[in-house]
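Asker: Dumping the structure here so I can ask a few things about it.
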Amino acid sequence: MTLQDALYNWLSIKKVSEERPEDQAAKDTLQFFDEILREDHHVSNPSVNLQEENYEVGYMIETTHFKTTFPRDYIDALWESIEAEPKYN
């Protein structure tokens with residue numbers, strides 16, 4: 001999995017996990033992507049900054065700081081699809 005894909009998946013499930021704090025599957029999946037970021041890509045200190053139309057993810061690899069942005073509607077799509085599905089509510 002590429003770093004970009006791992007960050008996208010991490011951020012998407014982070015949104016779900018924050019919106020559904022009782023959802024253990026979301027917490028477990030977030031932990032899984034945390035591990036991928038740390039172990040496979042050596043990412044530390046990921047943070048999220050919500051902007052008007054984007055999410056900005058800041059992170060460190062060794063001593064270098066990076067930022068990546070994702071369109072808000074792409075990230076929110078997972079959360080919205082879960083909320084729209086009656087079997088998950």
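By convention in this document, the chains of the structure tokens carry letters A, B, ... by their order, each chain's residues are numbered from 1, and ligands are numbered from 1 in the order they are shown.
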Which of region 25-87 of chain A end up as alpha helix (DSSP H) when DSSP is run on this backbone - answer as an NGL selection string?
Answerer: :A and (25-35 or 41 or 72-84)
Asker: Which neighbours of Lys14 (chain A) fall inside 10 Å, counting only C-alpha atoms, when residues of the same chain fewer than 6 positions from it are skipped, and could you give them as a list in words?
Answerer: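 Answer for this query is Tyr8, Arg20, Ala26, Lys27, Thr29, Leu30, Gln31, Phe33, Asp34, Val48, Ile75 and Trp79 of chain A.
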Asker: Please identify all polymer residues within 7 Å of region 71-74 of chain A, counting only C-alpha atoms, omitting same-chain residues fewer than 2 positions from it, and present them as a list of chain:residue names.
Answerer: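 Returned residues: A:Glu53, A:Asn54, A:Tyr55, A:Thr69, A:Asp76, A:Ala77.
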Asker: Restricting it to C-alpha atoms, dump the selection as a compact mmCIF listing (two decimals), in the first residue's frame.
Answerer:
```
# COMPACT_ATOMS: atom_id res chain seq x y z
CA GLU A 53 -12.74 22.28 1.33
CA ASN A 54 -9.93 19.94 2.39
CA TYR A 55 -8.42 17.96 5.19
CA THR A 69 -4.32 17.41 1.51
CA ASP A 76 -16.42 12.27 4.34
CA ALA A 77 -17.80 9.75 1.82
```
Asker: May I ask which of the residues A:Asn9, A:Gln4, A:Glu85, A:Ile61 is the closest one to Arg38 (chain A), counting only C-alpha atoms?
Answerer: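 The closest residue to Arg38 (chain A) is A:Ile61.
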Asker: Give me, as a list of chain:residue names, all polymer residues having an atom no more than 8 Å from Lys67 (chain A), counting only C-alpha atoms and skipping those fewer than 5 positions away in the same chain.
Answerer: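 Using only C-alpha atoms, the neighbours found are A:Glu56, A:Val57, A:Gly58, A:Tyr59.
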Asker: Could you write out, as a tab-separated table (two decimals) with N, CA, C and O atoms, in the first residue's frame, all the residues of chain A that DSSP marks as strand (DSSP E or B)?
Answerer:
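See part-v5.tsv below for the written result:
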```tsv
chain	number	residue	atom	x	y	z
A	43	VAL	N	5.91	6.78	9.61
A	43	VAL	CA	5.21	8.03	9.91
A	43	VAL	C	5.04	8.16	11.41
A	43	VAL	O	4.68	7.21	12.10
A	44	SER	N	5.29	9.37	11.91
A	44	SER	CA	5.00	9.66	13.31
A	44	SER	C	4.23	10.98	13.39
A	44	SER	O	4.25	11.78	12.46
A	45	ASN	N	3.55	11.15	14.50
A	45	ASN	CA	2.84	12.38	14.81
A	45	ASN	C	1.85	12.84	13.73
A	45	ASN	O	1.84	14.02	13.38
A	46	PRO	N	1.00	11.95	13.22
A	46	PRO	CA	0.03	12.44	12.24
A	46	PRO	C	-0.98	13.37	12.91
A	46	PRO	O	-1.39	13.14	14.05
A	47	SER	N	-1.33	14.42	12.22
A	47	SER	CA	-2.33	15.36	12.74
A	47	SER	C	-3.23	15.79	11.59
A	47	SER	O	-2.85	15.70	10.42
A	48	VAL	N	-4.41	16.27	11.95
A	48	VAL	CA	-5.39	16.66	10.95
A	48	VAL	C	-5.81	18.10	11.18
A	48	VAL	O	-6.11	18.49	12.31
A	49	ASN	N	-5.83	18.86	10.11
A	49	ASN	CA	-6.31	20.23	10.14
A	49	ASN	C	-7.45	20.33	9.13
A	49	ASN	O	-7.24	20.13	7.94
A	50	LEU	N	-8.64	20.63	9.62
A	50	LEU	CA	-9.81	20.77	8.75
A	50	LEU	C	-9.79	22.15	8.13
A	50	LEU	O	-9.74	23.16	8.83
A	54	ASN	N	-10.89	21.04	2.32
A	54	ASN	CA	-9.93	19.94	2.39
A	54	ASN	C	-9.62	19.57	3.83
A	54	ASN	O	-9.85	20.35	4.75
A	55	TYR	N	-9.09	18.37	3.96
A	55	TYR	CA	-8.42	17.96	5.19
A	55	TYR	C	-6.93	18.01	4.89
A	55	TYR	O	-6.49	17.51	3.85
A	56	GLU	N	-6.17	18.59	5.78
A	56	GLU	CA	-4.72	18.61	5.65
A	56	GLU	C	-4.15	17.69	6.71
A	56	GLU	O	-4.46	17.83	7.89
A	57	VAL	N	-3.36	16.73	6.28
A	57	VAL	CA	-2.70	15.81	7.19
A	57	VAL	C	-1.24	16.19	7.28
A	57	VAL	O	-0.54	16.24	6.26
A	58	GLY	N	-0.79	16.49	8.49
A	58	GLY	CA	0.62	16.75	8.74
A	58	GLY	C	1.22	15.52	9.41
A	58	GLY	O	0.55	14.84	10.18
A	59	TYR	N	2.47	15.23	9.10
A	59	TYR	CA	3.12	14.06	9.69
A	59	TYR	C	4.63	14.21	9.55
A	59	TYR	O	5.12	15.02	8.78
A	60	MET	N	5.32	13.40	10.33
A	60	MET	CA	6.78	13.39	10.30
A	60	MET	C	7.26	12.03	9.77
A	60	MET	O	6.66	11.00	10.07
A	61	ILE	N	8.33	12.06	9.02
A	61	ILE	CA	9.10	10.87	8.67
A	61	ILE	C	10.53	11.22	9.04
A	61	ILE	O	11.11	12.14	8.45
A	64	THR	N	11.77	15.02	9.14
A	64	THR	CA	11.19	15.89	8.13
A	64	THR	C	9.66	15.93	8.28
A	64	THR	O	9.02	14.89	8.42
A	65	HIS	N	9.11	17.14	8.22
A	65	HIS	CA	7.66	17.33	8.32
A	65	HIS	C	7.07	17.40	6.91
A	65	HIS	O	7.63	18.06	6.04
A	66	PHE	N	5.94	16.71	6.73
A	66	PHE	CA	5.24	16.70	5.44
A	66	PHE	C	3.78	17.09	5.66
A	66	PHE	O	3.24	16.92	6.76
A	67	LYS	N	3.14	17.56	4.59
A	67	LYS	CA	1.71	17.84	4.60
A	67	LYS	C	1.10	17.30	3.32
A	67	LYS	O	1.70	17.40	2.26
A	68	THR	N	-0.08	16.72	3.46
A	68	THR	CA	-0.83	16.21	2.33
A	68	THR	C	-2.27	16.65	2.50
A	68	THR	O	-2.78	16.64	3.62
A	69	THR	N	-2.92	17.02	1.42
A	69	THR	CA	-4.32	17.41	1.51
A	69	THR	C	-5.20	16.42	0.76
A	69	THR	O	-4.78	15.80	-0.23
A	70	PHE	N	-6.41	16.28	1.27
A	70	PHE	CA	-7.42	15.42	0.66
A	70	PHE	C	-8.72	16.22	0.57
A	70	PHE	O	-9.08	16.91	1.53
A	71	PRO	N	-9.44	16.11	-0.55
A	71	PRO	CA	-10.73	16.78	-0.64
A	71	PRO	C	-11.68	16.30	0.46
A	71	PRO	O	-11.77	15.10	0.74
```
Asker: Figure out the distance between CA of Pro21 (chain A) and CA of Gln51 (chain A), please, to one decimal in Å.
Answerer: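 Atom-to-atom, CA of Gln51 (chain A) to CA of Pro21 (chain A), that is 22.6 Å.
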Asker: Need the shell around Met1 (chain A): protein/DNA/RNA residues with any atom at most 10 Å away, counting only C-alpha atoms. Skip same-chain ones fewer than 6 positions apart. Format as a ChimeraX atom specification?
Answerer: /A:7,36-37,40-41
Asker: For Ser81 (chain A), which residue out of A:Glu22, A:Glu39, A:Ser12, A:Thr63 is the nearest one, using only C-alpha atoms?
Answerer: A:Ser12
Asker: What is the distance, in Å and to one decimal place, between CA of Ile82 (chain A) and CA of Phe32 (chain A)?
Answerer: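 Going from CA of Ile82 (chain A) over to CA of Phe32 (chain A), I get 18.9 Å.
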Asker: Would you mind telling me which residue in A:Leu3, A:Ile13, A:Ala84, A:Leu78 lies nearest to Ala25 (chain A) when using only C-alpha atoms?
Answerer: A:Ile13
